[in-house]
Amino acid sequence: MQLYRETTHTKPADRVYQWHVIDADGERLGRLASRIAVVLMGKDKPDYSRHQLSGDFVIVVNAVKVAFSGNKRAQKIYYRHTGYIGHL
């Protein structure tokens with residue numbers, strides 16, 4: 001009886017890539033971005049492996065109609081550091 005697990009890897013010729021069309025109309029920006037990132041990395045597939053390319057292709061439609069929550073769009077401030085001590 002063997003108590004260890006064997007990791008299986010798919011060959012590049014056996015991988016099936018799909019195109020995902022995502023409608024961004026009314027979706028929250030952060031949730032949409034994380035959902036797209038999971039599909040691009042391939043983490044939604046059972047044969048995911050970090051060192052292999054297993055992600056799918058994504059097309060986002062209605063990206064202009066993405067919803068922002070609260071006042072984040074108006075109140076968000078971007079900072080950049082100059083490299084000098086005490087300067088922003």
# chains A, B, ... in the order shown; residues from 1 in each chain; ligands from 1
>>> select_by_dssp(residues="chain A", states="alpha helix (DSSP H)", output="list in words")
Leu29, Gly30, Arg31, Leu32, Ala33, Ser34, Arg35, Ile36, Ala37, Val38, Val39, Leu40, Met41, Lys72, Arg73, Ala74 and Gln75 of chain A
>>> residues_around(residues="Phe57 of chain A", least_positions_apart="3", cutoff="9 Å", atoms="only C-alpha atoms", output="PyMOL selection string")
chain A and resi 17-21+39-40
>>> select_by_dssp(residues="segment 32-87 of chain A", states="strand (DSSP E)", output="PyMOL selection string")
chain A and resi 57-61
>>> atom_distance(atom1="atom CA of Asp14 of chain A", atom2="atom CA of Leu32 of chain A")
29.1 Å
>>> residues_around(residues="segment 43-51 of chain A", least_positions_apart="2", cutoff="10 Å", atoms="only C-alpha atoms", output="MDAnalysis selection string")
chainID A and resid 7:10 15 35 37:41 53:56
>>> closest_atom_pairs(of="segment 4-52 of chain A", to="segment 67-75 of chain A", cutoff="7 Å", atoms="only C-alpha atoms", output="CSV")
residue,atom,partner,partner_atom,distance
A:Gly26,CA,A:Ala67,CA,5.2
A:Glu27,CA,A:Ala67,CA,5.6
A:Arg28,CA,A:Ala67,CA,4.9
A:Leu29,CA,A:Phe68,CA,6.1
>>> write_last_selection(atoms="N, CA and C atoms", output="compact mmCIF listing (two decimals), in the first residue's frame")
# COMPACT_ATOMS: atom_id res chain seq x y z
N GLY A 26 -21.81 46.36 -15.22
CA GLY A 26 -22.31 46.35 -13.85
C GLY A 26 -21.48 45.55 -12.87
N GLU A 27 -20.40 44.95 -13.29
CA GLU A 27 -19.54 44.17 -12.40
C GLU A 27 -18.63 45.10 -11.61
N ARG A 28 -18.31 44.73 -10.38
CA ARG A 28 -17.36 45.49 -9.57
C ARG A 28 -15.96 45.26 -10.11
N LEU A 29 -15.15 46.31 -10.09
CA LEU A 29 -13.83 46.27 -10.71
C LEU A 29 -12.92 45.22 -10.07
>>> closest_residue(among="A:Tyr4, A:Gln52, A:Ile59, A:Gly83", to="Ile36 of chain A", atoms="only C-alpha atoms")
A:Ile59
>>> residues_around(residues="Val61 of chain A", least_positions_apart="6", cutoff="7 Å", atoms="only C-alpha atoms", output="PyMOL selection string")
chain A and resi 22-24
>>> closest_residue(among="A:Ile77, A:Val16, A:Ala33, A:Leu3", to="Val60 of chain A", atoms="only C-alpha atoms")
A:Ala33
>>> closest_residue(among="A:Lys11, A:Val66, A:Val58, A:Glu6", to="Asp25 of chain A", atoms="only C-alpha atoms")
A:Val66
>>> atom_distance(atom1="atom CA of Arg31 of chain A", atom2="atom CA of Ala63 of chain A")
13.4 Å
